>>> print(open('final30.txt').read())   # compact mmCIF, C-alpha atoms and all ligand atoms
# COMPACT_ATOMS: atom_id res chain seq x y z
CA MET A 1 -32.05 0.35 17.89
CA LEU A 2 -28.68 1.93 17.02
CA MET A 3 -28.47 4.21 13.98
CA VAL A 4 -25.26 2.90 12.46
CA HIS A 5 -23.62 5.06 9.81
CA PRO A 6 -23.65 2.90 6.65
CA ALA A 7 -20.11 3.84 5.62
CA ARG A 8 -18.58 2.90 8.98
CA ARG A 9 -17.31 -0.52 9.97
CA ILE A 10 -15.57 -1.84 13.06
CA ILE A 11 -13.98 -5.28 13.15
CA LEU A 12 -13.74 -7.48 16.23
CA GLY A 13 -10.14 -8.65 16.68
CA GLY A 14 -9.81 -12.23 17.84
CA MET A 15 -6.15 -12.20 18.91
CA SER A 16 -7.18 -12.71 22.55
CA PHE A 17 -9.43 -15.70 21.87
CA GLY A 18 -7.93 -18.76 23.53
CA LYS A 19 -5.30 -16.75 25.41
CA PRO A 20 -2.65 -17.41 26.73
CA TRP A 21 -0.24 -18.31 23.90
CA ASP A 22 0.53 -21.85 24.96
CA GLN A 23 0.17 -25.35 23.58
CA ASN A 24 -2.63 -26.45 25.91
CA PRO A 25 -5.99 -27.66 24.58
CA ILE A 26 -8.70 -24.99 24.40
CA THR A 27 -11.02 -24.75 27.40
CA SER A 28 -14.76 -24.28 27.81
CA GLU A 29 -14.03 -20.98 29.59
CA GLN A 30 -12.18 -19.66 26.52
CA VAL A 31 -15.14 -20.67 24.32
CA ARG A 32 -17.58 -19.01 26.73
CA GLU A 33 -15.51 -15.80 26.71
CA ALA A 34 -15.49 -15.77 22.90
CA ASN A 35 -19.26 -16.36 22.75
CA LEU A 36 -19.86 -13.36 25.02
CA ALA A 37 -17.57 -11.12 22.96
CA ILE A 38 -19.19 -12.18 19.68
CA ASP A 39 -22.71 -11.68 21.02
CA ALA A 40 -21.79 -8.20 22.28
CA ALA A 41 -20.24 -7.35 18.90
CA ILE A 42 -23.22 -8.49 16.84
CA GLU A 43 -25.65 -6.72 19.15
CA ALA A 44 -23.61 -3.52 18.77
CA GLY A 45 -23.52 -3.65 14.96
CA ILE A 46 -20.10 -5.28 14.44
CA GLY A 47 -20.31 -8.01 11.80
CA THR A 48 -16.70 -8.97 11.02
CA ILE A 49 -14.23 -11.06 12.99
CA ASP A 50 -10.47 -10.90 12.45
CA LEU A 51 -8.29 -13.94 13.15
CA ALA A 52 -4.87 -15.27 12.14
CA ASP A 53 -3.46 -18.77 12.04
CA ILE A 54 -0.77 -17.83 14.57
CA TYR A 55 -3.02 -16.21 17.19
CA THR A 56 -2.57 -17.92 20.55
CA ASN A 57 -0.73 -20.69 18.69
CA THR A 58 -3.81 -21.55 16.53
CA LYS A 59 -6.07 -21.61 19.59
CA ALA A 60 -7.94 -18.44 18.56
CA GLU A 61 -9.16 -20.20 15.41
CA GLN A 62 -9.89 -23.38 17.35
CA VAL A 63 -11.98 -21.44 19.88
CA PHE A 64 -13.83 -19.61 17.13
CA GLY A 65 -14.34 -22.94 15.32
CA GLN A 66 -15.92 -24.38 18.45
CA VAL A 67 -18.23 -21.34 18.75
CA LEU A 68 -19.36 -21.85 15.14
CA LYS A 69 -19.80 -25.58 15.64
CA ASP A 70 -22.09 -24.95 18.61
CA ARG A 71 -23.94 -22.13 16.84
CA PRO A 72 -23.85 -22.68 13.04
CA ASP A 73 -26.36 -19.81 12.53
CA LEU A 74 -23.49 -17.38 13.29
CA ARG A 75 -21.95 -18.13 9.88
CA ASP A 76 -24.56 -15.91 8.22
CA LYS A 77 -24.18 -13.14 10.78
CA LEU A 78 -20.42 -12.71 10.62
CA LEU A 79 -17.85 -12.08 7.92
CA ILE A 80 -14.82 -14.18 8.77
CA GLN A 81 -11.32 -13.08 7.92
CA SER A 82 -8.06 -14.71 8.86
CA LYS A 83 -4.42 -14.27 8.02
CA THR A 84 -1.42 -16.35 7.16
CA GLY A 85 2.19 -15.62 6.32
CA ILE A 86 3.99 -15.58 9.68
CA GLU A 87 5.90 -18.61 10.91
CA LEU A 88 6.16 -18.36 14.68
CA HIS A 89 9.64 -18.22 16.17
CA VAL A 90 9.49 -21.44 18.18
CA ALA A 91 11.53 -23.28 15.58
CA HIS A 92 13.60 -20.26 14.58
CA ASN A 93 16.02 -19.10 17.28
CA GLY A 94 13.70 -16.51 18.79
CA SER A 95 12.72 -14.65 15.61
CA ASN A 96 9.64 -15.13 13.50
CA ARG A 97 9.93 -15.77 9.77
CA TYR A 98 7.58 -14.50 7.06
CA ASN A 99 6.41 -16.78 4.30
CA LEU A 100 4.32 -15.69 1.34
CA THR A 101 5.25 -18.49 -1.03
CA CYS A 102 2.40 -20.05 -2.97
CA ASP A 103 2.65 -23.54 -1.48
CA TYR A 104 2.83 -22.20 2.08
CA ILE A 105 -0.19 -19.92 1.70
CA ILE A 106 -2.32 -22.69 0.19
CA GLU A 107 -1.34 -25.28 2.79
CA LYS A 108 -1.96 -22.85 5.68
CA THR A 109 -5.30 -21.69 4.28
CA ASP A 110 -6.42 -25.30 4.06
CA GLN A 111 -5.52 -25.70 7.75
CA ILE A 112 -7.37 -22.48 8.67
CA LEU A 113 -10.56 -23.70 6.97
CA LYS A 114 -10.34 -27.03 8.78
CA ARG A 115 -9.68 -25.40 12.16
CA ILE A 116 -12.56 -22.98 11.85
CA GLY A 117 -14.78 -25.60 10.20
CA VAL A 118 -15.92 -23.53 7.23
CA LYS A 119 -15.78 -24.07 3.46
CA TYR A 120 -14.54 -20.57 2.68
CA LEU A 121 -13.16 -17.40 4.26
CA ASP A 122 -14.78 -14.08 3.45
CA MET A 123 -11.32 -12.56 3.40
CA LEU A 124 -7.75 -13.81 3.68
CA LEU A 125 -5.03 -11.32 4.62
CA LEU A 126 -1.33 -11.86 3.93
CA HIS A 127 0.03 -11.07 7.37
CA ARG A 128 3.47 -9.56 6.67
CA PRO A 129 5.53 -8.88 3.52
CA ASP A 130 8.05 -11.67 2.78
CA PRO A 131 11.18 -10.22 1.13
CA LEU A 132 12.18 -13.65 -0.13
CA ALA A 133 8.92 -14.54 -1.91
CA TYR A 134 8.47 -13.71 -5.59
CA PRO A 135 5.38 -11.49 -5.93
CA THR A 136 4.30 -13.64 -8.89
CA ASP A 137 4.35 -16.73 -6.63
CA THR A 138 2.32 -14.98 -3.91
CA ALA A 139 -0.15 -13.72 -6.52
CA ARG A 140 -0.51 -17.29 -7.87
CA ALA A 141 -1.69 -18.44 -4.43
CA ILE A 142 -4.32 -15.71 -4.39
CA ASP A 143 -5.65 -16.73 -7.78
CA ILE A 144 -5.67 -20.45 -6.88
CA LEU A 145 -7.48 -19.86 -3.58
CA TYR A 146 -10.11 -17.79 -5.35
CA GLN A 147 -10.60 -20.36 -8.12
CA ARG A 148 -10.97 -23.15 -5.57
CA GLY A 149 -13.64 -21.13 -3.75
CA TRP A 150 -11.67 -21.23 -0.49
CA VAL A 151 -11.42 -17.43 -0.19
CA ARG A 152 -13.88 -14.81 -1.43
CA SER A 153 -11.71 -11.69 -1.15
CA PHE A 154 -8.15 -10.76 -0.30
CA GLY A 155 -6.21 -8.23 1.71
CA VAL A 156 -2.70 -7.69 3.00
CA SER A 157 -1.30 -6.47 6.27
CA ASN A 158 1.61 -4.21 7.19
CA MET A 159 2.40 -3.52 3.52
CA SER A 160 3.82 -0.38 1.92
CA ALA A 161 2.19 1.19 -1.12
CA PRO A 162 4.89 0.07 -3.59
CA ARG A 163 4.73 -3.49 -2.24
CA LEU A 164 0.95 -3.52 -2.54
CA ASN A 165 1.18 -2.14 -6.05
CA LEU A 166 3.62 -4.89 -6.98
CA LEU A 167 1.34 -7.64 -5.73
CA ASN A 168 -1.74 -6.00 -7.24
CA SER A 169 -0.14 -5.99 -10.65
CA PHE A 170 0.37 -9.78 -10.66
CA THR A 171 -2.97 -11.08 -9.40
CA ALA A 172 -6.28 -11.19 -11.22
CA GLN A 173 -8.02 -10.51 -7.88
CA THR A 174 -8.42 -7.09 -6.33
CA ILE A 175 -6.68 -6.46 -3.02
CA ARG A 176 -9.38 -4.92 -0.84
CA ALA A 177 -7.75 -4.19 2.53
CA ASN A 178 -4.42 -3.33 4.14
CA GLN A 179 -4.31 -3.99 7.89
CA LEU A 180 -1.83 -1.68 9.63
CA GLN A 181 -1.03 -0.52 13.12
CA PHE A 182 -2.98 2.73 13.24
CA SER A 183 -4.46 4.63 16.15
CA LEU A 184 -4.45 8.01 17.86
CA GLY A 185 -1.15 7.06 19.49
CA HIS A 186 0.34 5.64 16.30
CA CYS A 187 -0.69 7.76 13.35
CA GLY A 188 2.38 8.34 11.21
CA ILE A 189 0.38 7.79 8.03
CA ILE A 190 -1.54 10.99 8.83
CA ASP A 191 1.65 12.93 9.56
CA ASP A 192 2.79 11.64 6.21
CA ILE A 193 0.02 13.61 4.49
CA VAL A 194 1.08 16.95 5.96
CA GLU A 195 4.87 16.57 6.32
CA VAL A 196 6.12 17.33 2.82
CA ASN A 197 9.76 18.36 2.55
CA THR A 198 9.87 19.24 6.27
CA ASP A 199 12.52 18.26 8.85
CA ARG A 200 10.18 15.61 10.11
CA GLN A 201 9.47 14.01 6.75
CA ALA A 202 12.31 11.52 7.07
CA LEU A 203 10.82 10.24 10.33
CA VAL A 204 7.49 9.22 8.86
CA GLY A 205 8.23 7.60 5.53
CA ASN A 206 5.08 5.75 4.47
CA HIS A 207 4.74 8.14 1.59
CA GLY A 208 1.72 7.64 -0.60
CA LEU A 209 0.18 4.76 1.35
CA VAL A 210 -3.05 6.56 2.21
CA GLU A 211 -3.35 7.91 -1.33
CA TYR A 212 -2.64 4.52 -2.90
CA CYS A 213 -5.35 2.91 -0.77
CA MET A 214 -7.84 5.65 -1.62
CA LEU A 215 -7.13 5.48 -5.35
CA ASN A 216 -7.52 1.70 -5.37
CA ASP A 217 -10.50 1.45 -3.01
CA ILE A 218 -8.47 -0.43 -0.39
CA SER A 219 -9.72 -0.10 3.17
CA ILE A 220 -7.21 0.54 5.94
CA GLN A 221 -7.96 -1.88 8.75
CA ALA A 222 -6.48 -0.28 11.86
CA TRP A 223 -4.98 -2.79 14.25
CA GLY A 224 -4.10 -1.67 17.76
CA ALA A 225 -6.94 0.79 17.21
CA THR A 226 -7.43 1.63 20.88
CA ASP A 227 -3.72 1.64 21.87
CA LYS A 228 -4.58 -1.07 24.39
CA GLY A 229 -6.73 1.42 26.29
CA ARG A 230 -3.82 3.86 26.78
CA PHE A 231 -6.04 6.96 26.50
CA CYS A 232 -9.26 5.31 27.70
CA ASN A 233 -8.40 4.76 31.36
CA PRO A 234 -8.43 7.63 33.90
CA ILE A 235 -5.12 9.30 34.75
CA SER A 236 -3.33 7.45 37.55
CA GLU A 237 0.06 7.45 39.29
CA THR A 238 1.50 5.32 36.51
CA THR A 239 0.26 7.46 33.61
CA PRO A 240 3.22 8.89 31.67
CA GLU A 241 3.34 12.70 31.77
CA SER A 242 3.10 12.97 27.98
CA ASP A 243 -0.17 10.98 27.91
CA LYS A 244 -1.96 13.18 30.44
CA PRO A 245 -3.11 16.00 28.10
CA ILE A 246 -4.35 13.43 25.57
CA ILE A 247 -6.35 11.52 28.20
CA THR A 248 -7.77 14.79 29.53
CA LYS A 249 -8.95 15.73 26.03
CA VAL A 250 -10.36 12.25 25.28
CA PHE A 251 -12.34 12.31 28.53
CA ALA A 252 -13.64 15.86 27.87
CA LEU A 253 -14.82 14.78 24.42
CA ALA A 254 -16.39 11.64 25.86
CA GLU A 255 -18.46 13.85 28.12
CA LYS A 256 -19.35 16.22 25.29
CA TYR A 257 -20.56 13.39 22.99
CA SER A 258 -22.05 11.32 25.86
CA VAL A 259 -19.99 8.22 25.08
CA GLU A 260 -17.14 6.31 26.71
CA PRO A 261 -13.53 7.36 25.93
CA ILE A 262 -13.00 4.23 23.82
CA ALA A 263 -15.67 5.51 21.38
CA ILE A 264 -13.79 8.80 20.96
CA VAL A 265 -10.49 7.18 19.94
CA THR A 266 -12.37 4.77 17.65
CA ALA A 267 -14.47 7.50 16.00
CA TRP A 268 -11.35 9.64 15.49
CA LEU A 269 -10.05 6.95 13.10
CA MET A 270 -13.30 6.50 11.20
CA ASP A 271 -13.75 10.24 10.66
CA LEU A 272 -10.90 10.21 8.17
CA PRO A 273 -11.97 10.29 4.52
CA MET A 274 -10.13 7.13 3.49
CA ARG A 275 -12.00 4.00 4.58
CA VAL A 276 -10.56 3.23 8.04
CA GLU A 277 -11.94 0.14 9.75
CA PRO A 278 -10.74 -0.08 13.37
CA VAL A 279 -9.90 -3.61 14.50
CA ILE A 280 -10.62 -3.50 18.21
CA GLY A 281 -8.83 -6.07 20.31
CA THR A 282 -10.87 -5.99 23.50
CA ILE A 283 -12.97 -9.05 24.24
CA SER A 284 -14.74 -7.41 27.16
CA PRO A 285 -18.43 -7.21 26.16
CA ASP A 286 -18.84 -3.81 27.84
CA ARG A 287 -15.83 -2.33 26.06
CA ILE A 288 -16.94 -3.76 22.71
CA LYS A 289 -20.36 -2.15 23.09
CA ALA A 290 -18.82 1.14 24.22
CA ALA A 291 -16.41 1.23 21.25
CA ALA A 292 -19.20 0.40 18.80
CA LYS A 293 -20.96 3.65 19.68
CA ALA A 294 -18.38 5.17 17.32
CA LEU A 295 -20.43 3.72 14.46
CA CYS A 296 -23.13 6.27 15.24
CA PHE A 297 -21.43 9.68 15.48
CA SER A 298 -18.59 11.81 14.09
CA LEU A 299 -16.38 14.29 15.89
CA ASP A 300 -16.74 17.94 14.92
CA ARG A 301 -13.89 19.10 12.69
CA GLU A 302 -12.48 21.30 15.46
CA ASP A 303 -12.53 18.46 18.00
CA TRP A 304 -10.86 16.06 15.55
CA TYR A 305 -8.00 18.50 14.96
CA ASP A 306 -7.65 19.37 18.66
CA LEU A 307 -7.23 15.72 19.55
CA TRP A 308 -4.75 15.06 16.76
CA ILE A 309 -2.61 18.10 17.57
CA ILE A 310 -2.51 17.25 21.28
CA SER A 311 -1.59 13.64 20.54
CA ARG A 312 1.14 14.44 17.99
CA GLY A 313 2.63 16.91 20.49
CA ARG A 314 3.54 19.45 17.78
CA ARG A 315 1.46 22.29 16.52
CA LEU A 316 0.68 22.51 12.84
CA LEU A 317 2.43 25.40 11.08
N1 LIG A 401 -2.11 -7.47 11.32
C1 LIG A 401 -1.31 -7.44 12.36
O1 LIG A 401 -0.08 -7.49 12.25
C2 LIG A 401 -1.94 -7.37 13.73
C3 LIG A 401 -1.14 -7.18 14.87
C4 LIG A 401 -1.77 -7.11 16.12
C5 LIG A 401 -3.16 -7.23 16.20
N2 LIG A 401 -3.91 -7.44 15.06
C6 LIG A 401 -5.38 -7.55 15.13
O2 LIG A 401 -5.89 -6.36 15.66
C7 LIG A 401 -6.68 -6.63 16.82
C8 LIG A 401 -6.53 -5.49 17.77
O3 LIG A 401 -5.19 -5.34 18.18
P1 LIG A 401 -4.83 -4.96 19.66
O4 LIG A 401 -5.24 -6.07 20.56
O5 LIG A 401 -3.43 -4.51 19.68
O6 LIG A 401 -5.86 -3.72 19.83
P2 LIG A 401 -6.29 -2.72 20.95
O7 LIG A 401 -7.76 -2.55 20.74
O8 LIG A 401 -5.44 -1.52 20.89
O9 LIG A 401 -5.98 -3.42 22.36
C9 LIG A 401 -6.87 -4.33 22.96
C10 LIG A 401 -6.20 -4.97 24.15
O10 LIG A 401 -6.00 -3.97 25.15
C11 LIG A 401 -6.60 -4.40 26.37
N3 LIG A 401 -7.13 -3.25 27.12
C12 LIG A 401 -6.75 -2.91 28.37
N4 LIG A 401 -7.43 -1.83 28.80
C13 LIG A 401 -8.25 -1.48 27.82
C14 LIG A 401 -9.20 -0.42 27.68
N5 LIG A 401 -9.44 0.46 28.64
N6 LIG A 401 -9.87 -0.33 26.51
C15 LIG A 401 -9.63 -1.21 25.50
N7 LIG A 401 -8.74 -2.25 25.58
C16 LIG A 401 -8.05 -2.37 26.73
C17 LIG A 401 -7.71 -5.37 25.95
O11 LIG A 401 -7.99 -6.23 27.03
P3 LIG A 401 -9.51 -6.70 27.34
O12 LIG A 401 -9.84 -7.76 26.33
O13 LIG A 401 -9.41 -7.22 28.72
O14 LIG A 401 -10.39 -5.49 27.24
C18 LIG A 401 -7.04 -6.07 24.77
O15 LIG A 401 -6.16 -7.08 25.21
C19 LIG A 401 -6.20 -7.99 17.32
O16 LIG A 401 -7.19 -8.67 18.07
C20 LIG A 401 -5.91 -8.68 16.03
O17 LIG A 401 -7.12 -9.18 15.48
C21 LIG A 401 -3.32 -7.49 13.85
>>> encode(input="final30.txt", output="structure tokens", more="lines below")
Ligand SMILES: NC(=O)c1ccc[n+]([C@@H]2O[C@H](COP(=O)([O-])OP(=O)(O)OC[C@H]3O[C@@H](n4cnc5c(N)ncnc54)[C@H](OP(=O)(O)O)[C@@H]3O)[C@@H](O)[C@H]2O)c1
Amino acid sequence: MLMVHPARRIILGGMSFGKPWDQNPITSEQVREANLAIDAAIEAGIGTIDLADIYTNTKAEQVFGQVLKDRPDLRDKLLIQSKTGIELHVAHNGSNRYNLTCDYIIEKTDQILKRIGVKYLDMLLLHRPDPLAYPTDTARAIDILYQRGWVRSFGVSNMSAPRLNLLNSFTAQTIRANQLQFSLGHCGIIDDIVEVNTDRQALVGNHGLVEYCMLNDISIQAWGATDKGRFCNPISETTPESDKPIITKVFALAEKYSVEPIAIVTAWLMDLPMRVEPVIGTISPDRIKAAAKALCFSLDREDWYDLWIISRGRRLL
């Protein structure tokens, strides 16, 4: 039995369910793969799944819907979150569009519920900020979805602190999560805390995001949490020179804590005092179980700093 730290949470990312991104019908092999990933996650103490309407052209939600149809008992074992707000580029000359208008969000949420085959989502995230949508209109969708009982809680994704604040001030609901790209290899929001009026400050520029989330009890869901395994695979001929010291350190720490490297990069995120919830994208059962070990230990302070300083490539003054 694993001793999971009560304040720690990892989320299973479902972006690879139903891959590749094509228009073909879902296959039994894709459903089997998803079942194995979900079983590994639940066994390892991961109880939330992250989807989006666009993932694999809606196939991720279809695959997950089929899993739930075959095994309805899973509904009580998993919190289900999905996202809407991105219109895929197929109809738009090669570039996606963002859409956070009220009508769009409600229509797409209805489709999500039907695809997954559930009456409500535990959380809906607004996938990307839409500069053209009125925040009051977006907030209206949130309130309508809550009143209809279609969505129990709300989050956003890839949103700055001022943008979040704007939305928060127009909706009666509380925004509970902000899903951002955040990992050992992509941790500008941490640099942001220490780079105040330095030469580097202009390069970071997410000022106040961590503090806003902490003050408002908003969790930071870290997507790309394992940098697609960049620091978890042994050094090879193709490893970039700049990654080598980071991989060496990750592997040394893995040995010290008797875990796999993926648990080190995952724990490094959760050791931060704001609530960071890594969204891991692997659907390999072994990797899921290895990453989930990060629920059970913390890095020593010295080790956390060593890893950060090596990965940022600049000493702290
Ligand atoms: N909100 C947003 O804008 C946004 C954007 C992107 C993603 N997301 C969410 O975040 C989740 C995670 O994102 P991500 O896929 O970029 O995360 P990630 O955990 O950094 O990368 C996982 C991917 O890397 C591959 N990989 C290769 N070697 C690996 C290794 N040694 N260890 C671990 N993974 C390895 C995995 O393949 P295998 O499956 O073969 O292990 C998988 O495809 C997604 O599933 C999705 O739910 C959100």
>>> residues_near_ligand(input="final30.txt", ligand="ligand LIG 401 (chain A)", cutoff="8 Å", atoms="all atoms listed in the file", output="JSON, numbers by chain")
{"A": [12, 13, 14, 15, 16, 49, 50, 51, 52, 83, 127, 128, 157, 158, 179, 180, 181, 183, 222, 223, 224, 225, 226, 227, 228, 229, 230, 231, 232, 233, 262, 279, 280, 281, 282, 283, 284, 287]}
>>> atom_distance(input="final30.txt", atom1="atom CA of Ile310 of chain A", atom2="atom CA of Val250 of chain A")
10.1 Å
>>> closest_residue(input="final30.txt", among="A:Ala177, A:Met123, A:Ile106, A:Ile288", to="Glu260 of chain A", atoms="only C-alpha atoms")
A:Ile288
>>> residues_around(input="final30.txt", residues="Arg97 of chain A", least_positions_apart="5", cutoff="10 Å", atoms="all atoms listed in the file", output="list in words")
Gly85, Ile86, Glu87, Leu88, His89, Ala91, His92, Arg128 and Asp130 of chain A
>>> residues_near_point(input="final30.txt", point="(-22.8, 10.3, 18.3)", cutoff="12 Å", atoms="only C-alpha atoms", output="ChimeraX atom specification")
/A:2-5,253-260,263-264,266-268,271,290-300
>>> residues_around(input="final30.txt", residues="Gln23 of chain A", least_positions_apart="3", cutoff="10 Å", atoms="all atoms listed in the file", output="PyMOL selection string")
chain A and resi 20+26+56-59
>>> write_last_selection(input="final30.txt", atoms="C-alpha atoms", output="PDB file, in the frame of the given file")
ATOM      1  CA  PRO A  20      -2.650 -17.410  26.730  1.00  0.00           C
ATOM      2  CA  ILE A  26      -8.700 -24.990  24.400  1.00  0.00           C
ATOM      3  CA  THR A  56      -2.570 -17.920  20.550  1.00  0.00           C
ATOM      4  CA  ASN A  57      -0.730 -20.690  18.690  1.00  0.00           C
ATOM      5  CA  THR A  58      -3.810 -21.550  16.530  1.00  0.00           C
ATOM      6  CA  LYS A  59      -6.070 -21.610  19.590  1.00  0.00           C
TER       7      LYS A  59
END
>>> closest_residue(input="final30.txt", among="A:Val67, A:Leu121, A:Val210, A:Ile11", to="Thr48 of chain A", atoms="only C-alpha atoms")
A:Ile11
>>> closest_residue(input="final30.txt", among="A:Lys249, A:Lys289, A:His186, A:Phe154", to="Trp304 of chain A", atoms="only C-alpha atoms")
A:Lys249
>>> axis_aligned_box(input="final30.txt", around="segment 295-304 of chain A", padding_each_side="4 Å", output="JSON")
{"center_x": -17.0, "center_y": 12.5, "center_z": 15.3, "size_x": 20.3, "size_y": 25.6, "size_z": 13.3}
